[in-house]
Number of protein chains: 2
Amino acid sequence: MESEFLSWLRDRLPEHPRVRLGAGDDAAVVNWPTDSGCVLTTDLLSEGTDFESPPEDWRRVGRKALAMNLSDLAAMAAQPVAALVSVLLPRTGGLAIAQQLFEGMKPLVSRFDIPIAGGDTNSWEGPAVVSVTAVGQTTEHGIWRRSGARPDDRVLVTGSLGGSILGHHFDFLPRVHEALLLNARYRIHAATDISDGLSLDLANILVASGVGAVLDTACIPISAAASELARTAGGSPREHALGDGEDFELILIVPPGEAARLLRDQPLEVSLTDIGRVIGEPGLWEHRADGGRTPLEPRGYRH
Amino acid sequence: MESEFLSWLRDRLPEHPRVRLGAGDDAAVVNWPTDSGCVLTTDLLSEGTDFESPPEDWRRVGRKALAMNLSDLAAMAAQPVAALVSVLLPRTGGLAIAQQLFEGMKPLVSRFDIPIAGGDTNSWEGPAVVSVTAVGQTTEHGIWRRSGARPDDRVLVTGSLGGSILGHHFDFLPRVHEALLLNARYRIHAATDISDGLSLDLANILVASGVGAVLDTACIPISAAASELARTAGGSPREHALGDGEDFELILIVPPGEAARLLRDQPLEVSLTDIGRVIGEPGLWEHRADGGRTPLEPRGYRH
């Protein structure tokens with residue numbers, strides 16, 4: 001459906017060769033390459049629940065709504081194709097909010113070549129709601145799933161973790177380019193992005209794969225924000241790195257030889273760190289200094 | 001993202017050969033045929049604005065949210081492929097609502113072979129919001145646009161129009177099968193679905209095509225609901241047929257010879273009616289009995 005916001009948007013977005021869209025057509029049409037699967041993901045953010053009411057900066061909300069979906073594409077090593085953006089906004093001032101939401105998305109649209117191909121604009125008396133759907137394509141290298149982890153694989157993570165609530169959850173760069181590069185050059189058995197928390201998202205991989213893991217928790221890369229949050233809000237930096245949600249980094253499960261090559265190459269601009277090992281026995285453990293292991297309760301945001 | 005509702009849903013939906021989705025993967029993957037464009041559309045419905053608070057029957061709300069998107073695919077003669085359903089529901093009783101929303105979608109999922117491939121489930125203290133994205137495929141016969149109307153083309157509509165508010169706006173059958181059949185067998189210059197009102201949606205086609213039209217308003221097929229609404233709420237049945245929104249019938253712009261063949265064949269289960277003629281001069285008119293024409297103000301729901 002046409003709307004004032006989408007007309008406004010269309011005037012500001014350059015035409016994209018991938019998107020065929022006539023003036024006021026009922027739907028967008030995206031060119032599709034041969035032999036490529038269609039990857040679909042969607043996330044909805046609501047005012048007062050997923051972000052403050054009102055937020056300090058609507059641009060950060062718009063940016064995050066698109067970035068979360070891009071992170072889901074990255075988690076499967078899919079190539080971004082197009083996004084749809086639906087908004088439900090207050091009757092008064094809604095258009096200005098819509099414009100700021102889009103201003104926040106714009107840098108990601110360019111950086112990840114993901115045109116906003118359509119959407120739906122609505123107003124009501126309630127708080128703001130932003131719903132984004134991202135469409136991606138599988139590449140010739142296939143997609144990553146959560147279910148491919150095997151015993152003796154290594155557990156790797158990108159970047160540093162924890163304390164996202166201090167700002168990173170708005171400003172993170174989805175690991176799309178990293179995922180595409182890794183998928184093209186290395187053999188990855190399983191992957192996901194960290195949305196609910198390292199230990200919980202890793203546990204999801206382990207359950208999906210029917211395996212377990214032992215973590216060298218001393219090796220977990222801890223962000224400056226995790227240390228800051230530990231000082232101000234309690235908990236240890238490591239606990240924040242293990243349990244805080246919305247890092248939007250990647251967990252990669254990699255065969256041991258391939259992991260050694262990856263860690264030697266360090267092919268990404270962001271760091272890659274080995275934090276543990278997959279084992280056949282289901283469950284999640286922490287490696288002890290004496291060589292034994294202690295159960296590690298997966299923590300994080302449960303839906 | 002995984003959620004209780006989606007787990008519940010997955011247990012109830014048969015696996016679909018088109019959708020590859022592992023337990024808890026970050027996104028759905030849909031098989032894509034060669035040489036087929038990807039058609040994307042999305043609609044969002046909110047409680048108290050798009051439907052009553054609370055609605056009499058949540059199943060009708062769920063049905064409508066999916067059906068509107070199917071109607072947008074029909075408007076372009078696209079083949080349904082998959083849908084994503086995101087919901088934002090009250091913390092208390094939200095799961096029961098989600099289940100009813102899905103119960104309402106289920107008959108359309110089967111009838112139009114459009115598996116629900118994913119979504120996002122959220123709760124808050126506010127009213128319910130349902131956001132559906134439908135993905136379709138272009139067929140070998142191409143897609144319909146709004147911009148192809150030419151002088152001397154005939155204006156055809158499916159079904160009968162007006163008074164949708166009395167119930168049809170919940171219970172309509174999106175004209176997907178009709179659109180695919182017509183696109184395969186007949187040459188259609190332009191099309192849209194009637195979501196905002198016959199005169200307004202037709203005006204959108206005329207503007208997109210740079211042409212005008214003269215309607216034989218006496219020929220417009222008037223629904224029983226339009227007559228009933230005229231009796232109870234005022235206005236003439238014809239005014240309701242011209243200006244009421246959400247008929248979700250098709251407006252088809254057809255070359256004259258092809259229109260004659262279509263009207264003779266009547267290849268659909270629903271009626272096809274010729275209601276006027278496209279002319280080169282921009283604008284919308286009503287044909288007068290004396291052979292002259294009177295301007296017709298496009299009316300309907302403006303976003």
# chains A, B, ... in the order shown; residues from 1 in each chain; ligands from 1

call {"tool": "select_by_dssp", "arguments": {"residues": "segment 134-255 of chain B", "states": "strand (DSSP E or B)", "output": "ChimeraX atom specification"}}
result
/B:134-137,139,142,154-158,161,190-193,212-215,222,250-254

call {"tool": "write_last_selection", "arguments": {"atoms": "N, CA and C atoms", "output": "compact mmCIF listing (two decimals), in the first residue's frame"}}
result
# COMPACT_ATOMS: atom_id res chain seq x y z
N ALA B 134 3.85 -11.14 3.05
CA ALA B 134 3.67 -12.25 2.11
C ALA B 134 4.72 -12.16 1.02
N VAL B 135 5.26 -13.32 0.67
CA VAL B 135 6.25 -13.43 -0.39
C VAL B 135 5.61 -14.21 -1.53
N GLY B 136 5.73 -13.68 -2.73
CA GLY B 136 5.17 -14.35 -3.89
C GLY B 136 6.20 -14.47 -5.00
N GLN B 137 5.85 -15.24 -6.02
CA GLN B 137 6.74 -15.40 -7.17
C GLN B 137 6.04 -14.92 -8.43
N THR B 139 5.17 -15.37 -12.25
CA THR B 139 5.03 -16.57 -13.08
C THR B 139 5.61 -16.28 -14.46
N GLY B 142 4.47 -13.15 -16.36
CA GLY B 142 4.79 -11.79 -15.92
C GLY B 142 3.86 -11.30 -14.83
N ARG B 154 -11.03 -1.54 -21.74
CA ARG B 154 -12.24 -1.64 -20.93
C ARG B 154 -11.85 -1.79 -19.46
N VAL B 155 -12.73 -1.28 -18.58
CA VAL B 155 -12.55 -1.41 -17.14
C VAL B 155 -13.47 -2.52 -16.65
N LEU B 156 -12.87 -3.61 -16.12
CA LEU B 156 -13.66 -4.74 -15.62
C LEU B 156 -13.45 -4.89 -14.12
N VAL B 157 -14.46 -5.40 -13.43
CA VAL B 157 -14.28 -5.73 -12.01
C VAL B 157 -14.80 -7.15 -11.76
N THR B 158 -14.19 -7.78 -10.75
CA THR B 158 -14.71 -9.09 -10.31
C THR B 158 -15.75 -8.86 -9.22
N LEU B 161 -19.76 -5.09 -5.37
CA LEU B 161 -18.99 -4.12 -4.56
C LEU B 161 -19.83 -3.36 -3.54
N ALA B 190 -3.50 -3.72 -17.07
CA ALA B 190 -3.20 -3.17 -15.75
C ALA B 190 -4.21 -3.76 -14.76
N ALA B 191 -3.85 -3.74 -13.50
CA ALA B 191 -4.77 -4.28 -12.49
C ALA B 191 -4.41 -3.74 -11.12
N THR B 192 -5.38 -3.84 -10.21
CA THR B 192 -5.14 -3.62 -8.79
C THR B 192 -6.25 -4.31 -8.03
N ASP B 193 -6.10 -4.39 -6.71
CA ASP B 193 -7.23 -4.88 -5.91
C ASP B 193 -7.92 -3.69 -5.27
N GLY B 212 -7.40 8.53 -18.48
CA GLY B 212 -8.61 8.76 -17.72
C GLY B 212 -9.61 7.65 -17.99
N ALA B 213 -10.83 7.75 -17.42
CA ALA B 213 -11.84 6.73 -17.69
C ALA B 213 -13.23 7.33 -17.56
N VAL B 214 -14.15 6.78 -18.33
CA VAL B 214 -15.57 7.12 -18.20
C VAL B 214 -16.30 5.86 -17.76
N LEU B 215 -17.00 5.94 -16.63
CA LEU B 215 -17.69 4.76 -16.10
C LEU B 215 -19.17 4.78 -16.45
N ILE B 222 -23.50 -4.21 -7.72
CA ILE B 222 -23.71 -3.75 -6.35
C ILE B 222 -24.01 -4.94 -5.45
N LEU B 250 -10.92 -7.46 -7.80
CA LEU B 250 -9.92 -6.96 -8.74
C LEU B 250 -10.51 -5.96 -9.72
N ILE B 251 -9.76 -4.90 -10.00
CA ILE B 251 -10.05 -4.03 -11.14
C ILE B 251 -9.08 -4.45 -12.23
N LEU B 252 -9.64 -4.75 -13.43
CA LEU B 252 -8.80 -5.23 -14.54
C LEU B 252 -8.97 -4.30 -15.73
N ILE B 253 -7.87 -3.85 -16.28
CA ILE B 253 -7.90 -2.99 -17.46
C ILE B 253 -7.48 -3.84 -18.65
N VAL B 254 -8.42 -4.00 -19.61
CA VAL B 254 -8.27 -5.05 -20.63
C VAL B 254 -8.50 -4.45 -22.01

call {"tool": "residues_around", "arguments": {"residues": "Gly118 of chain A", "least_positions_apart": "4", "cutoff": "7 Å", "atoms": "only C-alpha atoms", "output": "compact mmCIF listing (two decimals) with C-alpha atoms, in the first residue's frame"}}
result
# COMPACT_ATOMS: atom_id res chain seq x y z
CA ALA A 28 7.56 -4.71 -4.75
CA LEU A 84 10.19 -4.14 4.14
CA VAL A 85 9.48 -1.62 6.90
CA THR B 41 4.09 -7.13 0.34

call {"tool": "select_by_dssp", "arguments": {"residues": "segment 98-167 of chain A", "states": "alpha helix (DSSP H)", "output": "list in words"}}
result
Ala98, Gln99, Gln100, Leu101, Phe102, Glu103, Gly104, Met105, Lys106, Pro107, Leu108, Val109, Ser110 and Arg111 of chain A

call {"tool": "atom_distance", "arguments": {"atom1": "atom CA of Ala117 of chain A", "atom2": "atom CA of Phe112 of chain B"}}
result
23.9 Å

call {"tool": "atom_distance", "arguments": {"atom1": "atom CA of Ala82 of chain A", "atom2": "atom CA of Thr49 of chain B"}}
result
28.5 Å

call {"tool": "residues_around", "arguments": {"residues": "Thr34 of chain B", "least_positions_apart": "3", "cutoff": "10 Å", "atoms": "only C-alpha atoms", "output": "VMD selection string"}}
result
(chain A and resid 32 to 36) or (chain B and resid 31 37)

call {"tool": "residues_around", "arguments": {"residues": "Leu242 of chain B", "least_positions_apart": "6", "cutoff": "10 Å", "atoms": "only C-alpha atoms", "output": "JSON list (two decimals) with N, CA and C atoms, in the first residue's frame"}}
result
[["chain", "number", "residue", "atom", "x", "y", "z"],
["B", 161, "LEU", "N", -19.76, -5.09, -5.37],
["B", 161, "LEU", "CA", -18.99, -4.12, -4.56],
["B", 161, "LEU", "C", -19.83, -3.36, -3.54],
["B", 162, "GLY", "N", -19.16, -2.89, -2.49],
["B", 162, "GLY", "CA", -19.76, -1.99, -1.49],
["B", 162, "GLY", "C", -20.22, -2.71, -0.24],
["B", 197, "GLY", "N", -11.34, 1.55, -2.15],
["B", 197, "GLY", "CA", -12.61, 1.92, -2.77],
["B", 197, "GLY", "C", -12.46, 1.91, -4.28],
["B", 198, "LEU", "N", -13.49, 1.42, -4.99],
["B", 198, "LEU", "CA", -13.43, 1.30, -6.45],
["B", 198, "LEU", "C", -12.93, 2.58, -7.12],
["B", 199, "SER", "N", -13.58, 3.73, -6.82],
["B", 199, "SER", "CA", -13.23, 4.95, -7.56],
["B", 199, "SER", "C", -11.81, 5.41, -7.25],
["B", 200, "LEU", "N", -11.38, 5.24, -6.00],
["B", 200, "LEU", "CA", -10.05, 5.68, -5.61],
["B", 200, "LEU", "C", -8.97, 4.75, -6.17],
["B", 201, "ASP", "N", -9.20, 3.44, -6.09],
["B", 201, "ASP", "CA", -8.21, 2.50, -6.62],
["B", 201, "ASP", "C", -8.12, 2.59, -8.14],
["B", 202, "LEU", "N", -9.28, 2.81, -8.79],
["B", 202, "LEU", "CA", -9.25, 3.01, -10.24],
["B", 202, "LEU", "C", -8.49, 4.29, -10.57],
["B", 217, "THR", "N", -21.86, 3.98, -14.63],
["B", 217, "THR", "CA", -22.07, 3.64, -13.22],
["B", 217, "THR", "C", -23.29, 2.73, -13.03],
["B", 220, "ILE", "N", -22.20, -0.91, -12.56],
["B", 220, "ILE", "CA", -21.37, -1.37, -11.44],
["B", 220, "ILE", "C", -22.13, -2.41, -10.64],
["B", 221, "PRO", "N", -21.54, -3.60, -10.46],
["B", 221, "PRO", "CA", -22.22, -4.67, -9.71],
["B", 221, "PRO", "C", -22.28, -4.32, -8.22],
["B", 222, "ILE", "N", -23.50, -4.21, -7.72],
["B", 222, "ILE", "CA", -23.71, -3.75, -6.35],
["B", 222, "ILE", "C", -24.01, -4.94, -5.45],
["B", 226, "ALA", "N", -24.11, -3.57, 0.15],
["B", 226, "ALA", "CA", -24.16, -2.15, -0.21],
["B", 226, "ALA", "C", -25.59, -1.63, -0.12],
["B", 236, "SER", "N", -26.49, 6.10, -1.39],
["B", 236, "SER", "CA", -27.13, 5.16, -2.31],
["B", 236, "SER", "C", -26.27, 3.90, -2.40],
["B", 296, "LEU", "N", -16.48, 12.59, -11.85],
["B", 296, "LEU", "CA", -16.76, 11.70, -10.73],
["B", 296, "LEU", "C", -15.59, 11.86, -9.76],
["B", 297, "GLU", "N", -15.89, 12.34, -8.55],
["B", 297, "GLU", "CA", -14.83, 12.57, -7.56],
["B", 297, "GLU", "C", -14.42, 11.23, -6.97],
["B", 298, "PRO", "N", -13.14, 10.82, -7.10],
["B", 298, "PRO", "CA", -12.72, 9.56, -6.48],
["B", 298, "PRO", "C", -12.91, 9.63, -4.96],
["B", 299, "ARG", "N", -13.61, 8.65, -4.43],
["B", 299, "ARG", "CA", -13.82, 8.61, -2.99],
["B", 299, "ARG", "C", -13.34, 7.26, -2.46],
["B", 300, "GLY", "N", -13.01, 7.26, -1.16],
["B", 300, "GLY", "CA", -12.57, 6.02, -0.55],
["B", 300, "GLY", "C", -11.68, 6.34, 0.63]]

call {"tool": "closest_residue", "arguments": {"among": "B:Tyr301, B:Phe172, B:Trp144, B:Tyr186", "to": "Ala65 of chain B", "atoms": "only C-alpha atoms"}}
result
B:Phe172

call {"tool": "atom_distance", "arguments": {"atom1": "atom CA of Ser160 of chain B", "atom2": "atom CA of Glu249 of chain B"}}
result
7.9 Å

call {"tool": "residues_around", "arguments": {"residues": "Pro255 of chain A", "least_positions_apart": "2", "cutoff": "10 Å", "atoms": "only C-alpha atoms", "output": "mmCIF file with N, CA and C atoms, in the first residue's frame"}}
result
data_model
loop_
_atom_site.group_PDB
_atom_site.id
_atom_site.type_symbol
_atom_site.label_atom_id
_atom_site.label_comp_id
_atom_site.auth_asym_id
_atom_site.auth_seq_id
_atom_site.Cartn_x
_atom_site.Cartn_y
_atom_site.Cartn_z
ATOM 1 N N ALA A 149 26.868 -28.740 14.549
ATOM 2 C CA ALA A 149 28.031 -28.890 15.437
ATOM 3 C C ALA A 149 28.352 -30.361 15.680
ATOM 4 N N ARG A 150 29.655 -30.721 15.696
ATOM 5 C CA ARG A 150 30.074 -32.108 15.923
ATOM 6 C C ARG A 150 31.160 -32.157 17.001
ATOM 7 N N PRO A 151 31.257 -33.280 17.698
ATOM 8 C CA PRO A 151 32.282 -33.396 18.734
ATOM 9 C C PRO A 151 33.670 -33.033 18.191
ATOM 10 N N ASP A 152 34.456 -32.369 19.038
ATOM 11 C CA ASP A 152 35.822 -31.900 18.749
ATOM 12 C C ASP A 152 35.861 -30.599 17.961
ATOM 13 N N ASP A 153 34.716 -30.136 17.428
ATOM 14 C CA ASP A 153 34.687 -28.804 16.808
ATOM 15 C C ASP A 153 35.088 -27.769 17.855
ATOM 16 N N ARG A 154 35.608 -26.635 17.368
ATOM 17 C CA ARG A 154 35.939 -25.529 18.256
ATOM 18 C C ARG A 154 34.802 -24.509 18.252
ATOM 19 N N VAL A 155 34.638 -23.820 19.387
ATOM 20 C CA VAL A 155 33.640 -22.752 19.513
ATOM 21 C C VAL A 155 34.371 -21.417 19.403
ATOM 22 N N TYR A 186 36.011 -20.577 4.419
ATOM 23 C CA TYR A 186 36.258 -21.561 5.481
ATOM 24 C C TYR A 186 35.064 -22.498 5.635
ATOM 25 N N ARG A 187 35.325 -23.649 6.215
ATOM 26 C CA ARG A 187 34.259 -24.609 6.446
ATOM 27 C C ARG A 187 33.726 -24.389 7.863
ATOM 28 N N ILE A 188 32.502 -23.930 7.975
ATOM 29 C CA ILE A 188 31.876 -23.648 9.269
ATOM 30 C C ILE A 188 30.773 -24.693 9.462
ATOM 31 N N HIS A 189 30.753 -25.377 10.579
ATOM 32 C CA HIS A 189 29.751 -26.429 10.800
ATOM 33 C C HIS A 189 28.404 -25.916 11.267
ATOM 34 N N ALA A 190 28.417 -24.856 12.073
ATOM 35 C CA ALA A 190 27.158 -24.301 12.588
ATOM 36 C C ALA A 190 27.426 -22.870 13.029
ATOM 37 N N LEU A 252 30.581 -19.264 16.069
ATOM 38 C CA LEU A 252 30.921 -20.126 14.931
ATOM 39 C C LEU A 252 31.438 -21.462 15.441
ATOM 40 N N ILE A 253 30.879 -22.531 14.940
ATOM 41 C CA ILE A 253 31.324 -23.871 15.314
ATOM 42 C C ILE A 253 32.138 -24.416 14.146
ATOM 43 N N GLY A 257 40.869 -28.352 12.666
ATOM 44 C CA GLY A 257 41.943 -27.914 11.766
ATOM 45 C C GLY A 257 41.603 -26.573 11.121
ATOM 46 N N GLU A 258 40.338 -26.446 10.735
ATOM 47 C CA GLU A 258 39.858 -25.212 10.098
ATOM 48 C C GLU A 258 39.912 -24.057 11.094
ATOM 49 N N ALA A 259 39.617 -24.367 12.366
ATOM 50 C CA ALA A 259 39.663 -23.332 13.404
ATOM 51 C C ALA A 259 41.085 -22.817 13.572
ATOM 52 N N ALA A 260 42.058 -23.729 13.536
ATOM 53 C CA ALA A 260 43.465 -23.328 13.672
ATOM 54 C C ALA A 260 43.857 -22.395 12.529
ATOM 55 N N ARG A 277 35.279 -26.051 23.274
ATOM 56 C CA ARG A 277 35.302 -27.260 22.458
ATOM 57 C C ARG A 277 33.947 -27.950 22.540
ATOM 58 N N VAL A 278 33.503 -28.491 21.422
ATOM 59 C CA VAL A 278 32.260 -29.268 21.380
ATOM 60 C C VAL A 278 32.575 -30.699 21.824
#

call {"tool": "decode", "arguments": {"residues": "segment 143-162 of chain B", "atoms": "N, CA and C atoms", "output": "short mmCIF file (atom, residue, chain, number, x, y, z; two decimals), in the first residue's frame"}}
result
data_model
loop_
_atom_site.label_atom_id
_atom_site.label_comp_id
_atom_site.auth_asym_id
_atom_site.auth_seq_id
_atom_site.Cartn_x
_atom_site.Cartn_y
_atom_site.Cartn_z
N ILE B 143 4.01 -10.04 -14.44
CA ILE B 143 3.15 -9.49 -13.40
C ILE B 143 2.30 -8.35 -13.95
N TRP B 144 1.22 -8.07 -13.23
CA TRP B 144 0.38 -6.92 -13.56
C TRP B 144 0.89 -5.71 -12.80
N ARG B 145 0.81 -4.55 -13.45
CA ARG B 145 1.14 -3.28 -12.81
C ARG B 145 -0.06 -2.37 -12.90
N ARG B 146 0.03 -1.22 -12.24
CA ARG B 146 -1.05 -0.24 -12.36
C ARG B 146 -0.85 0.65 -13.57
N SER B 147 0.33 0.60 -14.15
CA SER B 147 0.69 1.65 -15.11
C SER B 147 0.43 1.28 -16.57
N GLY B 148 -0.28 0.19 -16.85
CA GLY B 148 -0.38 -0.24 -18.25
C GLY B 148 -1.68 0.09 -18.98
N ALA B 149 -2.58 0.87 -18.36
CA ALA B 149 -3.87 1.17 -19.01
C ALA B 149 -3.67 2.06 -20.24
N ARG B 150 -4.41 1.76 -21.33
CA ARG B 150 -4.31 2.56 -22.56
C ARG B 150 -5.70 2.97 -23.03
N PRO B 151 -5.79 4.08 -23.76
CA PRO B 151 -7.09 4.53 -24.26
C PRO B 151 -7.82 3.40 -25.00
N ASP B 152 -9.14 3.34 -24.80
CA ASP B 152 -10.05 2.35 -25.40
C ASP B 152 -10.07 1.01 -24.66
N ASP B 153 -9.13 0.82 -23.73
CA ASP B 153 -9.22 -0.38 -22.88
C ASP B 153 -10.55 -0.35 -22.13
N ARG B 154 -11.03 -1.54 -21.74
CA ARG B 154 -12.24 -1.64 -20.93
C ARG B 154 -11.85 -1.79 -19.46
N VAL B 155 -12.73 -1.28 -18.58
CA VAL B 155 -12.55 -1.41 -17.14
C VAL B 155 -13.47 -2.52 -16.65
N LEU B 156 -12.87 -3.61 -16.12
CA LEU B 156 -13.66 -4.74 -15.62
C LEU B 156 -13.45 -4.89 -14.12
N VAL B 157 -14.46 -5.40 -13.43
CA VAL B 157 -14.28 -5.73 -12.01
C VAL B 157 -14.80 -7.15 -11.76
N THR B 158 -14.19 -7.78 -10.75
CA THR B 158 -14.71 -9.09 -10.31
C THR B 158 -15.75 -8.86 -9.22
N GLY B 159 -16.67 -9.80 -9.08
CA GLY B 159 -17.61 -9.83 -7.96
C GLY B 159 -18.55 -8.63 -7.91
N SER B 160 -19.07 -8.35 -6.71
CA SER B 160 -19.96 -7.21 -6.50
C SER B 160 -19.40 -6.38 -5.35
N LEU B 161 -19.76 -5.09 -5.37
CA LEU B 161 -18.99 -4.12 -4.56
C LEU B 161 -19.83 -3.36 -3.54
N GLY B 162 -19.16 -2.89 -2.49
CA GLY B 162 -19.76 -1.99 -1.49
C GLY B 162 -20.22 -2.71 -0.24
#
